[in-house]
Amino acid sequence: MTPPRDARPVPSDKGRLRLGGVVPTGDGEFWVLGDHRWQEYPPDGDEPVTRSRPVALHLAGGRWTCTWGPASRGNRGFSDAEPDGSGGLWAIRHPSHGFDGQGEVWHLAGGRWTRELLPVDGGLPYEISDLAVVGTTVYALGVIRDPRGVRLSALWRLGP
């Protein structure tokens, strides 16, 4: 099944869809996540700027629907997700490159995205590498970087 080709967030060039994860939710039903990237050309004729917007595409009943993710700084799309057991999903949004302490966990429920802030003492930078859902509880696996630059493994328990 081919994802829809005509979804795009703003008038621009045709753009391209970059996929980063797939989440099966039933027989012939799944979510595909990633980001849509496009070029914007400044009016002054300067070099084009690459923009992106996270996107979650849902296939159910042989029909695709598109749910745009929250606007982002830089080129940040969804890369991994897990179903939440109630028709929505949990998703990871990674930074554009390297460890910059900006990994995010988002929850999609009822067509609305909300960000889950991870409890990290002292506001230290962190990254999320994987999600797992058991019932209605989501677990996020990742690393925290301490002030000396040492990466510490972390496991967060989120949800109700």
# chains A, B, ... in the order shown; residues from 1 in each chain; ligands from 1

call {"tool": "closest_atom_pairs", "arguments": {"of": "segment 61-150 of chain A", "to": "segment 35-47 of chain A", "cutoff": "8 Å", "atoms": "only C-alpha atoms", "output": "tab-separated table"}}
result
residue	atom	partner	partner_atom	distance
A:Arg76	CA	A:Asp35	CA	7.3
A:Gly77	CA	A:Asp35	CA	4.5
A:Phe78	CA	A:Asp35	CA	6.4

call {"tool": "closest_atom_pairs", "arguments": {"of": "segment 62-148 of chain A", "to": "segment 19-28 of chain A", "cutoff": "8 Å", "atoms": "only C-alpha atoms", "output": "Markdown table"}}
result
| residue | atom | partner | partner_atom | distance |
| --- | --- | --- | --- | --- |
| A:Gly62 | CA | A:Gly28 | CA | 7.8 |
| A:Gly77 | CA | A:Gly20 | CA | 7.9 |
| A:Phe78 | CA | A:Gly20 | CA | 6.4 |
| A:Ser79 | CA | A:Gly20 | CA | 4.3 |
| A:Asp80 | CA | A:Gly21 | CA | 4.8 |
| A:Ala81 | CA | A:Val23 | CA | 6.4 |
| A:Glu82 | CA | A:Val23 | CA | 6.1 |
| A:Pro83 | CA | A:Thr25 | CA | 6.7 |

call {"tool": "select_by_dssp", "arguments": {"residues": "segment 80-157 of chain A", "states": "strand (DSSP E)", "output": "VMD selection string"}}
result
chain A and resid 80 to 83 89 to 93 104 to 109 112 to 116 126 to 134 137 to 145 151 to 157

call {"tool": "write_last_selection", "arguments": {"atoms": "N, CA and C atoms", "output": "compact mmCIF listing (two decimals), in the first residue's frame"}}
result
# COMPACT_ATOMS: atom_id res chain seq x y z
N ASP A 80 10.21 6.74 15.76
CA ASP A 80 9.79 5.48 16.36
C ASP A 80 8.48 5.73 17.09
N ALA A 81 7.66 4.70 17.22
CA ALA A 81 6.38 4.87 17.91
C ALA A 81 5.88 3.54 18.42
N GLU A 82 4.91 3.63 19.31
CA GLU A 82 4.22 2.46 19.86
C GLU A 82 2.75 2.83 20.02
N PRO A 83 1.83 1.87 19.80
CA PRO A 83 0.41 2.16 20.03
C PRO A 83 0.14 2.38 21.51
N LEU A 89 -1.15 6.87 19.73
CA LEU A 89 0.19 6.32 19.80
C LEU A 89 1.13 7.25 20.53
N TRP A 90 2.23 6.66 20.98
CA TRP A 90 3.35 7.38 21.56
C TRP A 90 4.43 7.42 20.50
N ALA A 91 5.13 8.55 20.37
CA ALA A 91 6.16 8.68 19.33
C ALA A 91 7.38 9.42 19.87
N ILE A 92 8.53 9.09 19.27
CA ILE A 92 9.78 9.77 19.58
C ILE A 92 10.07 10.73 18.44
N ARG A 93 10.48 11.94 18.80
CA ARG A 93 10.95 12.90 17.80
C ARG A 93 12.41 13.19 18.13
N GLU A 104 12.44 14.03 22.19
CA GLU A 104 11.12 14.32 22.75
C GLU A 104 10.22 13.10 22.63
N VAL A 105 9.31 12.96 23.60
CA VAL A 105 8.27 11.93 23.54
C VAL A 105 6.94 12.66 23.39
N TRP A 106 6.15 12.24 22.38
CA TRP A 106 4.86 12.86 22.09
C TRP A 106 3.77 11.80 22.14
N HIS A 107 2.56 12.20 22.53
CA HIS A 107 1.41 11.31 22.58
C HIS A 107 0.33 11.87 21.66
N LEU A 108 -0.19 11.02 20.77
CA LEU A 108 -1.29 11.39 19.89
C LEU A 108 -2.55 10.69 20.38
N ALA A 109 -3.54 11.46 20.76
CA ALA A 109 -4.82 10.92 21.22
C ALA A 109 -5.93 11.86 20.75
N ARG A 112 -4.96 14.91 18.64
CA ARG A 112 -4.19 16.00 19.25
C ARG A 112 -2.87 15.47 19.82
N TRP A 113 -1.77 16.19 19.54
CA TRP A 113 -0.47 15.84 20.06
C TRP A 113 -0.20 16.58 21.36
N THR A 114 0.35 15.86 22.35
CA THR A 114 0.83 16.50 23.58
C THR A 114 2.23 15.97 23.87
N ARG A 115 3.08 16.85 24.36
CA ARG A 115 4.46 16.47 24.67
C ARG A 115 4.54 15.96 26.10
N GLU A 116 5.24 14.86 26.28
CA GLU A 116 5.47 14.28 27.60
C GLU A 116 6.86 14.72 28.05
N TYR A 126 18.99 15.14 27.50
CA TYR A 126 18.74 13.71 27.36
C TYR A 126 18.31 13.38 25.94
N GLU A 127 18.43 12.12 25.60
CA GLU A 127 17.96 11.58 24.32
C GLU A 127 17.15 10.33 24.60
N ILE A 128 16.17 10.06 23.75
CA ILE A 128 15.35 8.87 23.85
C ILE A 128 15.67 7.98 22.66
N SER A 129 15.90 6.68 22.91
CA SER A 129 16.24 5.79 21.81
C SER A 129 15.17 4.75 21.52
N ASP A 130 14.28 4.48 22.48
CA ASP A 130 13.29 3.43 22.25
C ASP A 130 12.10 3.64 23.17
N LEU A 131 10.96 3.12 22.74
CA LEU A 131 9.72 3.14 23.53
C LEU A 131 9.18 1.73 23.65
N ALA A 132 8.51 1.46 24.76
CA ALA A 132 7.78 0.21 24.94
C ALA A 132 6.52 0.55 25.73
N VAL A 133 5.41 -0.06 25.35
CA VAL A 133 4.14 0.19 26.02
C VAL A 133 3.61 -1.12 26.58
N VAL A 134 3.23 -1.09 27.86
CA VAL A 134 2.60 -2.22 28.52
C VAL A 134 1.29 -1.69 29.09
N THR A 137 0.84 2.08 30.21
CA THR A 137 2.09 2.67 30.68
C THR A 137 3.13 2.61 29.58
N VAL A 138 3.80 3.73 29.35
CA VAL A 138 4.86 3.77 28.34
C VAL A 138 6.20 3.90 29.06
N TYR A 139 7.18 3.18 28.53
CA TYR A 139 8.54 3.25 29.04
C TYR A 139 9.41 3.84 27.94
N ALA A 140 10.26 4.78 28.32
CA ALA A 140 11.19 5.40 27.39
C ALA A 140 12.61 5.04 27.82
N LEU A 141 13.40 4.55 26.88
CA LEU A 141 14.78 4.19 27.13
C LEU A 141 15.67 5.24 26.49
N GLY A 142 16.70 5.66 27.20
CA GLY A 142 17.58 6.67 26.62
C GLY A 142 18.81 6.91 27.45
N VAL A 143 19.38 8.09 27.25
CA VAL A 143 20.59 8.48 27.99
C VAL A 143 20.46 9.92 28.46
N ILE A 144 21.11 10.20 29.57
CA ILE A 144 21.21 11.56 30.11
C ILE A 144 22.69 11.92 30.08
N ARG A 145 22.99 13.16 29.70
CA ARG A 145 24.39 13.60 29.71
C ARG A 145 24.61 14.47 30.94
N ARG A 151 27.68 10.07 29.53
CA ARG A 151 26.34 9.61 29.19
C ARG A 151 25.91 8.52 30.16
N LEU A 152 24.75 8.74 30.80
CA LEU A 152 24.21 7.80 31.77
C LEU A 152 22.96 7.16 31.19
N SER A 153 22.87 5.84 31.24
CA SER A 153 21.67 5.15 30.75
C SER A 153 20.48 5.52 31.62
N ALA A 154 19.30 5.59 31.00
CA ALA A 154 18.09 5.96 31.74
C ALA A 154 16.89 5.19 31.21
N LEU A 155 15.96 4.91 32.13
CA LEU A 155 14.69 4.29 31.79
C LEU A 155 13.61 5.08 32.54
N TRP A 156 12.68 5.66 31.77
CA TRP A 156 11.60 6.44 32.37
C TRP A 156 10.29 5.68 32.27
N ARG A 157 9.49 5.75 33.31
CA ARG A 157 8.13 5.18 33.31
C ARG A 157 7.17 6.36 33.20

call {"tool": "residues_around", "arguments": {"residues": "Gly135 of chain A", "least_positions_apart": "4", "cutoff": "10 Å", "atoms": "only C-alpha atoms", "output": "ChimeraX atom specification"}}
result
/A:83-86,159
